[in-house]
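A.B. asks: Okay, handing you the structure first.
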Number of protein chains: 2
Amino acid sequence: MNDQTSRRTYHHGALVEAVLDEVERIVEDDGLETVSLRACAKRVGVSHSALFRHFSDKRHVLTAFAIRSAHRMAHAIEQKVAKAEPGEKFLAAGLAYIDYAMRNPGPFRVVFREDVIEPTDLDYRQAMDKLGACLAIGGHGGGNDLSLGPKALLAWASVHGIATLHVDGSLSRDVSEDRLESLIEETLRQLSPILKPSA
Amino acid sequence: MNDQTSRRTYHHGALVEAVLDEVERIVEDDGLETVSLRACAKRVGVSHSALFRHFSDKRHVLTAFAIRSAHRMAHAIEQKVAKAEPGEKFLAAGLAYIDYAMRNPGPFRVVFREDVIEPTDLDYRQAMDKLGACLAIGGHGGGNDLSLGPKALLAWASVHGIATLHVDGSLSRDVSEDRLESLIEETLRQLSPILKPSA
DNA sequence: TGCTCGATGTGACCGACGGTTACATTGCGC
DNA sequence: GCGCAATGTAACCGTCGGTCACATCGAGCA
């Protein structure tokens, strides 16, 4: 439907969103490395130079995509956390974090690929702070000691480590898929005695 | 010395190693994305087509580089573990793992970038198994229960998570550099009560 | 010694890429 | 309804990974 054959107006109208959707499709189907502006533009039904009216750079296309993905990820986590029992907030946040990564490996990867996006971008920083806060809130009971302590780091690193290892394939090679979910939950539950009695 | 001006023999003699060294230099200086076979070849003093006599693909060049890096990383960890007190093996392994990542962010990244290398390569699998074993041995007292349990996963994920977060810049933004080392050690020490009393 | 043949390196070429520029088309505010 | 800024286009550039026909080498054999 977004094919180049179907555009009737000279101006596209929603090029930016359409391009990000296309990036998402390619990232999910064939990986980040195969994303090309020319292919995106063709699928969206536009010449590839048109993209440069809306993005200064391929880097900024991917940055915009990363921002959108980070927001979606944070939103998914917040929803799960809101529904969780008071004592299980961290577990819920961690599982939601890992779940998003497993279901959306492509977008998840791009969010953390600072080598390929523009990490100084203000909107990106904002989105990443929001994402970090999701885990922090779950980790210690919402306390706002801004300095990252050992407990918060352990929570963040464990969850992020599991998500990363899985997305990179290392995890799914070493453990069968049906055991994976319970293994992850068990693993995160081990952290409760450490994280709970927060100073 | 390896510059294109200095080669006297028609055959290079050690092209593969020279190319991997050059990949390392570029990866460290400008990041993986800017590695190009043509640039490597030129610096090594060879036409870019010559590389295809030794590697079928750019992907296989990076795979070879990843393998070499993984071995070096495993070696560094093994050395530190060997020197550590019996009760501190895991801590030593974790710190060495993170230390390698911090000192060699480029190579560390490539080792886990399965999207850009050939993850089915036998030598690569072997190197990664060796790397995983380094942390596992530190984690539970050398026990060889092959199935990855919650304790081993927690150990692996925490260490890998910290390394990844730091390499990606997220960590160094949130905590000052002089606090970083002690923070990481504190964080890993929290895991001792969990990992020690292994079943 | 001199020849041959496999291994290694070369240069020209290909299509695709990201990015730029001069130009075409559109729709909104006056 | 006119003019101008926003948007899209086509042609072009240098570079990339990869291929191919050909050149050069060195080890082993006559």
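Convention: chains lettered A, B, ... in structure tokens order; per-chain residue numbering from 1; ligands numbered from 1 as shown.
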Give me, as a PyMOL selection string, all polymer residues having an atom no more than 12 Å from D:DC2, counting only C-alpha atoms (C1' of nucleotides) and skipping those fewer than 5 positions away in the same chain.
C.D. replies: chain C and resi 28-30
A.B. asks: What would the file look like if the residues just selected were written as a short mmCIF file (atom, residue, chain, number, x, y, z; two decimals), in the first residue's frame with N, CA and C atoms (P, O5', C5', C4', C3', O3' and C1' of nucleotides)?
C.D. replies:
data_model
loop_
_atom_site.label_atom_id
_atom_site.label_comp_id
_atom_site.auth_asym_id
_atom_site.auth_seq_id
_atom_site.Cartn_x
_atom_site.Cartn_y
_atom_site.Cartn_z
P DC C 28 -2.39 23.36 2.19
"O5'" DC C 28 -1.84 24.42 3.26
"C5'" DC C 28 -0.43 24.56 3.44
"C4'" DC C 28 -0.04 26.00 3.69
"C3'" DC C 28 -1.14 26.89 4.27
"O3'" DC C 28 -0.59 27.63 5.36
"C1'" DC C 28 -0.33 27.87 2.28
P DG C 29 -1.44 28.70 6.17
"O5'" DG C 29 -0.88 30.12 5.68
"C5'" DG C 29 0.47 30.49 6.01
"C4'" DG C 29 0.75 31.88 5.45
"C3'" DG C 29 -0.16 32.99 5.98
"O3'" DG C 29 0.57 34.21 6.02
"C1'" DG C 29 -0.52 32.78 3.67
P DC C 30 0.04 35.52 6.73
"O5'" DC C 30 -0.16 36.60 5.57
"C5'" DC C 30 0.99 37.12 4.89
"C4'" DC C 30 0.56 37.71 3.54
"C3'" DC C 30 -0.50 38.79 3.63
"O3'" DC C 30 0.11 40.08 3.52
"C1'" DC C 30 -0.93 37.25 1.84
#
A.B. asks: Show me, as a list in words, every residue of chain D with an atom at most 7 Å from chain A, counting only C-alpha atoms (C1' of nucleotides).
C.D. replies: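 Putting it all together, I get DT7, DG8 and DT9 of chain D.
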A.B. asks: So which one's closest to B:Ile117, B:Val19, B:Ile26, B:Leu62, B:Leu195? Using only C-alpha atoms, please.
C.D. replies: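 Answer, going by the shortest atom-to-atom distance: B:Leu62.
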A.B. asks: How close does chain B get to chain A? List, as JSON lines, each residue of chain B within 9 Å, its nearest atom pair and the distance in Å to one decimal, counting only C-alpha atoms.
C.D. replies:
{"residue": "B:Gly31", "atom": "CA", "partner": "A:Asp115", "partner_atom": "CA", "distance": 7.2}
{"residue": "B:Leu32", "atom": "CA", "partner": "A:Asp115", "partner_atom": "CA", "distance": 8.2}
{"residue": "B:Glu33", "atom": "CA", "partner": "A:Val116", "partner_atom": "CA", "distance": 7.6}
{"residue": "B:Phe112", "atom": "CA", "partner": "A:Asp168", "partner_atom": "CA", "distance": 6.9}
{"residue": "B:Arg113", "atom": "CA", "partner": "A:Asp168", "partner_atom": "CA", "distance": 7.3}
{"residue": "B:Glu114", "atom": "CA", "partner": "A:Asp168", "partner_atom": "CA", "distance": 6.5}
{"residue": "B:Asp115", "atom": "CA", "partner": "A:Gly31", "partner_atom": "CA", "distance": 7.1}
{"residue": "B:Val116", "atom": "CA", "partner": "A:Glu33", "partner_atom": "CA", "distance": 7.6}
{"residue": "B:Met128", "atom": "CA", "partner": "A:Ser170", "partner_atom": "CA", "distance": 8.8}
{"residue": "B:Leu146", "atom": "CA", "partner": "A:Asp174", "partner_atom": "CA", "distance": 8.9}
{"residue": "B:Ser147", "atom": "CA", "partner": "A:Val175", "partner_atom": "CA", "distance": 7.1}
{"residue": "B:Leu148", "atom": "CA", "partner": "A:Val175", "partner_atom": "CA", "distance": 6.6}
{"residue": "B:Gly149", "atom": "CA", "partner": "A:Leu183", "partner_atom": "CA", "distance": 7.1}
{"residue": "B:Pro150", "atom": "CA", "partner": "A:Thr187", "partner_atom": "CA", "distance": 4.6}
{"residue": "B:Lys151", "atom": "CA", "partner": "A:Thr187", "partner_atom": "CA", "distance": 6.7}
{"residue": "B:Ala152", "atom": "CA", "partner": "A:Thr187", "partner_atom": "CA", "distance": 8.9}
{"residue": "B:Leu153", "atom": "CA", "partner": "A:Thr187", "partner_atom": "CA", "distance": 6.9}
{"residue": "B:Leu154", "atom": "CA", "partner": "A:Thr187", "partner_atom": "CA", "distance": 5.8}
{"residue": "B:Ala155", "atom": "CA", "partner": "A:Ser158", "partner_atom": "CA", "distance": 8.3}
{"residue": "B:Trp156", "atom": "CA", "partner": "A:Gly161", "partner_atom": "CA", "distance": 7.8}
{"residue": "B:Ala157", "atom": "CA", "partner": "A:Gly161", "partner_atom": "CA", "distance": 4.2}
{"residue": "B:Ser158", "atom": "CA", "partner": "A:Ser158", "partner_atom": "CA", "distance": 4.2}
{"residue": "B:Val159", "atom": "CA", "partner": "A:Ala157", "partner_atom": "CA", "distance": 7.5}
{"residue": "B:His160", "atom": "CA", "partner": "A:Gly161", "partner_atom": "CA", "distance": 5.5}
{"residue": "B:Gly161", "atom": "CA", "partner": "A:Gly161", "partner_atom": "CA", "distance": 3.7}
{"residue": "B:Ile162", "atom": "CA", "partner": "A:Ala157", "partner_atom": "CA", "distance": 5.2}
{"residue": "B:Ala163", "atom": "CA", "partner": "A:Ala157", "partner_atom": "CA", "distance": 8.5}
{"residue": "B:Thr164", "atom": "CA", "partner": "A:Gly161", "partner_atom": "CA", "distance": 7.6}
{"residue": "B:Leu165", "atom": "CA", "partner": "A:Ala157", "partner_atom": "CA", "distance": 7.2}
{"residue": "B:Asp168", "atom": "CA", "partner": "A:Glu114", "partner_atom": "CA", "distance": 6.5}
{"residue": "B:Gly169", "atom": "CA", "partner": "A:Glu114", "partner_atom": "CA", "distance": 8.0}
{"residue": "B:Ser170", "atom": "CA", "partner": "A:Phe112", "partner_atom": "CA", "distance": 8.8}
{"residue": "B:Leu171", "atom": "CA", "partner": "A:Leu153", "partner_atom": "CA", "distance": 8.9}
{"residue": "B:Asp174", "atom": "CA", "partner": "A:Leu148", "partner_atom": "CA", "distance": 6.7}
{"residue": "B:Val175", "atom": "CA", "partner": "A:Leu148", "partner_atom": "CA", "distance": 6.7}
{"residue": "B:Leu183", "atom": "CA", "partner": "A:Pro150", "partner_atom": "CA", "distance": 6.0}
{"residue": "B:Ile184", "atom": "CA", "partner": "A:Pro150", "partner_atom": "CA", "distance": 7.2}
{"residue": "B:Glu185", "atom": "CA", "partner": "A:Pro150", "partner_atom": "CA", "distance": 8.7}
{"residue": "B:Glu186", "atom": "CA", "partner": "A:Pro150", "partner_atom": "CA", "distance": 6.1}
{"residue": "B:Thr187", "atom": "CA", "partner": "A:Pro150", "partner_atom": "CA", "distance": 4.6}
{"residue": "B:Leu188", "atom": "CA", "partner": "A:Leu154", "partner_atom": "CA", "distance": 7.7}
{"residue": "B:Gln190", "atom": "CA", "partner": "A:Ile194", "partner_atom": "CA", "distance": 7.3}
{"residue": "B:Leu191", "atom": "CA", "partner": "A:Ile194", "partner_atom": "CA", "distance": 8.5}
{"residue": "B:Ile194", "atom": "CA", "partner": "A:Gln190", "partner_atom": "CA", "distance": 7.4}
A.B. asks: Using N, CA and C atoms, can you write the selected residues to a file as a compact mmCIF listing (two decimals), in the first residue's frame?
C.D. replies:
# COMPACT_ATOMS: atom_id res chain seq x y z
N GLY B 31 35.88 3.12 15.02
CA GLY B 31 34.68 2.31 15.14
C GLY B 31 34.51 1.30 14.02
N LEU B 32 33.75 0.28 14.34
CA LEU B 32 33.55 -0.82 13.41
C LEU B 32 32.95 -0.38 12.09
N GLU B 33 32.03 0.57 12.16
CA GLU B 33 31.30 0.95 10.95
C GLU B 33 32.20 1.51 9.87
N PHE B 112 30.83 -9.74 20.07
CA PHE B 112 29.41 -10.08 20.28
C PHE B 112 28.50 -9.57 19.18
N ARG B 113 29.08 -9.07 18.11
CA ARG B 113 28.27 -8.54 17.02
C ARG B 113 27.97 -9.63 16.00
N GLU B 114 27.08 -10.52 16.37
CA GLU B 114 26.81 -11.67 15.50
C GLU B 114 26.10 -11.27 14.21
N ASP B 115 25.58 -10.06 14.17
CA ASP B 115 24.93 -9.62 12.94
C ASP B 115 25.94 -9.30 11.86
N VAL B 116 27.17 -9.10 12.25
CA VAL B 116 28.16 -8.59 11.30
C VAL B 116 29.26 -9.63 11.04
N MET B 128 33.98 -18.69 21.68
CA MET B 128 32.93 -18.17 22.56
C MET B 128 32.66 -19.12 23.72
N LEU B 146 26.47 -28.80 33.03
CA LEU B 146 26.49 -28.08 31.76
C LEU B 146 25.28 -27.18 31.56
N SER B 147 24.12 -27.62 32.06
CA SER B 147 22.93 -26.80 31.85
C SER B 147 23.08 -25.48 32.61
N LEU B 148 22.82 -24.41 31.90
CA LEU B 148 22.99 -23.08 32.49
C LEU B 148 21.89 -22.82 33.50
N GLY B 149 22.25 -22.70 34.77
CA GLY B 149 21.26 -22.46 35.81
C GLY B 149 21.12 -20.99 36.14
N PRO B 150 20.19 -20.66 37.02
CA PRO B 150 19.95 -19.27 37.39
C PRO B 150 21.18 -18.59 37.97
N LYS B 151 21.96 -19.32 38.73
CA LYS B 151 23.15 -18.69 39.32
C LYS B 151 24.17 -18.33 38.26
N ALA B 152 24.45 -19.28 37.39
CA ALA B 152 25.43 -19.01 36.33
C ALA B 152 24.93 -17.88 35.42
N LEU B 153 23.63 -17.91 35.13
CA LEU B 153 23.09 -16.87 34.25
C LEU B 153 23.22 -15.50 34.92
N LEU B 154 22.90 -15.46 36.21
CA LEU B 154 23.01 -14.19 36.91
C LEU B 154 24.44 -13.66 36.87
N ALA B 155 25.38 -14.55 37.10
CA ALA B 155 26.79 -14.14 37.08
C ALA B 155 27.17 -13.61 35.71
N TRP B 156 26.84 -14.40 34.71
CA TRP B 156 27.20 -14.04 33.34
C TRP B 156 26.54 -12.73 32.93
N ALA B 157 25.22 -12.66 33.17
CA ALA B 157 24.46 -11.50 32.73
C ALA B 157 24.92 -10.23 33.44
N SER B 158 25.19 -10.32 34.73
CA SER B 158 25.61 -9.12 35.46
C SER B 158 26.92 -8.59 34.89
N VAL B 159 27.87 -9.49 34.77
CA VAL B 159 29.18 -9.07 34.28
C VAL B 159 29.07 -8.54 32.85
N HIS B 160 28.39 -9.30 32.02
CA HIS B 160 28.25 -8.87 30.62
C HIS B 160 27.45 -7.58 30.53
N GLY B 161 26.44 -7.45 31.39
CA GLY B 161 25.63 -6.23 31.40
C GLY B 161 26.45 -5.01 31.76
N ILE B 162 27.25 -5.13 32.79
CA ILE B 162 28.09 -3.99 33.19
C ILE B 162 29.05 -3.64 32.06
N ALA B 163 29.70 -4.66 31.51
CA ALA B 163 30.65 -4.40 30.42
C ALA B 163 29.96 -3.71 29.25
N THR B 164 28.80 -4.24 28.88
CA THR B 164 28.08 -3.69 27.73
C THR B 164 27.62 -2.26 27.99
N LEU B 165 27.05 -2.03 29.18
CA LEU B 165 26.57 -0.69 29.49
C LEU B 165 27.73 0.30 29.46
N ASP B 168 28.93 0.95 25.89
CA ASP B 168 27.94 1.73 25.15
C ASP B 168 27.84 3.16 25.66
N GLY B 169 28.53 3.47 26.73
CA GLY B 169 28.55 4.85 27.20
C GLY B 169 27.52 5.17 28.26
N SER B 170 26.54 4.29 28.44
CA SER B 170 25.47 4.59 29.39
C SER B 170 26.03 4.74 30.79
N LEU B 171 27.00 3.92 31.12
CA LEU B 171 27.52 3.90 32.48
C LEU B 171 28.36 5.13 32.77
N ASP B 174 26.55 8.22 33.80
CA ASP B 174 25.83 8.31 35.07
C ASP B 174 26.74 8.27 36.29
N VAL B 175 28.00 7.93 36.11
CA VAL B 175 28.86 7.84 37.28
C VAL B 175 30.26 8.33 36.93
N LEU B 183 32.72 1.10 42.33
CA LEU B 183 31.30 0.78 42.16
C LEU B 183 31.13 -0.59 41.53
N ILE B 184 31.91 -0.87 40.50
CA ILE B 184 31.80 -2.15 39.82
C ILE B 184 32.17 -3.29 40.77
N GLU B 185 33.24 -3.09 41.52
CA GLU B 185 33.65 -4.15 42.44
C GLU B 185 32.56 -4.38 43.50
N GLU B 186 32.04 -3.31 44.07
CA GLU B 186 30.95 -3.44 45.05
C GLU B 186 29.78 -4.20 44.45
N THR B 187 29.45 -3.82 43.22
CA THR B 187 28.30 -4.44 42.56
C THR B 187 28.49 -5.94 42.43
N LEU B 188 29.69 -6.34 42.00
CA LEU B 188 29.93 -7.78 41.82
C LEU B 188 30.00 -8.50 43.16
N GLN B 190 28.25 -8.02 45.68
CA GLN B 190 26.89 -8.32 46.15
C GLN B 190 26.45 -9.72 45.76
N LEU B 191 27.04 -10.20 44.68
CA LEU B 191 26.60 -11.50 44.17
C LEU B 191 27.17 -12.67 44.98
N ILE B 194 24.95 -14.99 46.93
CA ILE B 194 24.08 -15.79 46.06
C ILE B 194 24.87 -16.92 45.40
A.B. asks: Within 9 Å of chain A, which residues of chain C show up when using only C-alpha atoms (C1' of nucleotides), listed as a short mmCIF file (atom, residue, chain, number, x, y, z; two decimals) with C-alpha atoms (C1' of nucleotides), in the first residue's frame?
C.D. replies:
data_model
loop_
_atom_site.label_atom_id
_atom_site.label_comp_id
_atom_site.auth_asym_id
_atom_site.auth_seq_id
_atom_site.Cartn_x
_atom_site.Cartn_y
_atom_site.Cartn_z
"C1'" DC C 17 25.43 2.88 -1.30
"C1'" DG C 18 25.22 7.83 1.20
"C1'" DG C 19 25.20 12.40 0.09
"C1'" DT C 25 6.13 20.76 -8.16
"C1'" DT C 26 3.07 21.82 -4.66
#
A.B. asks: For atom CA of B:Asp21 and atom CA of B:Arg103, determine how far apart the two atoms are, in Å to one decimal place.
C.D. replies: 16.3 Å
A.B. asks: What's the separation between atom CA of A:Pro105 and atom CA of A:Arg59, in Å to one decimal place?
C.D. replies: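 If I compute the distance from atom CA of A:Pro105 to atom CA of A:Arg59, I get 19.3 Å.
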A.B. asks: Work out how far apart atom CA of B:Gly87 and atom CA of B:Tyr100 are and give it in Å to one decimal.
C.D. replies: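 Atom CA of B:Gly87 sits 21.7 Å away from atom CA of B:Tyr100.
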A.B. asks: Write out as a list in words the residues lying within 9 Å of A:Ala92, counting only C-alpha atoms (C1' of nucleotides) and excluding same-chain residues fewer than 2 positions away.
C.D. replies: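 Final neighbour list, sorted by chain and number: Ile77, Lys80, Val81, Ala82, Lys83, Ala84, Glu85, Glu88, Lys89, Phe90, Gly94, Leu95, Ala96, Tyr97 and Gly138 of chain A.
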A.B. asks: I need the residues from that last selection saved to file as a PDB file, in the first residue's frame (with C-alpha atoms), if you can.
C.D. replies:
ATOM      1  CA  ILE A  77       7.556  -1.488  30.820  1.00  0.00           C
ATOM      2  CA  LYS A  80       3.534  -3.923  33.188  1.00  0.00           C
ATOM      3  CA  VAL A  81       4.963  -2.238  36.279  1.00  0.00           C
ATOM      4  CA  ALA A  82       1.690  -0.446  36.942  1.00  0.00           C
ATOM      5  CA  LYS A  83      -0.157  -3.744  36.947  1.00  0.00           C
ATOM      6  CA  ALA A  84       2.316  -5.527  39.227  1.00  0.00           C
ATOM      7  CA  GLU A  85       2.009  -6.152  42.986  1.00  0.00           C
ATOM      8  CA  GLU A  88       7.105  -7.293  42.488  1.00  0.00           C
ATOM      9  CA  LYS A  89       7.688  -4.031  40.681  1.00  0.00           C
ATOM     10  CA  PHE A  90      11.303  -4.745  39.875  1.00  0.00           C
ATOM     11  CA  GLY A  94      12.887  -6.593  34.398  1.00  0.00           C
ATOM     12  CA  LEU A  95      10.687  -9.144  32.716  1.00  0.00           C
ATOM     13  CA  ALA A  96       9.004  -6.469  30.604  1.00  0.00           C
ATOM     14  CA  TYR A  97      12.421  -5.100  29.606  1.00  0.00           C
ATOM     15  CA  GLY A 138      11.445  -1.033  39.900  1.00  0.00           C
TER      16      GLY A 138
END
A.B. asks: Which of stretch 76-134 of chain A end up as helix (DSSP H, G or I) when DSSP is run on this backbone - answer as a ChimeraX atom specification?
C.D. replies: /A:76-83,86-103,105-111,122-134
A.B. asks: Taking 6 positions as the minimum chain separation for residues in the same chain, which residues sit within 12 Å of D:DA11 when counting only C-alpha atoms (C1' of nucleotides)? Answer as a list in words.
C.D. replies: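 The contact residues come out as Ser49 of chain A; DT20, DT21, DA22 and DC23 of chain C.
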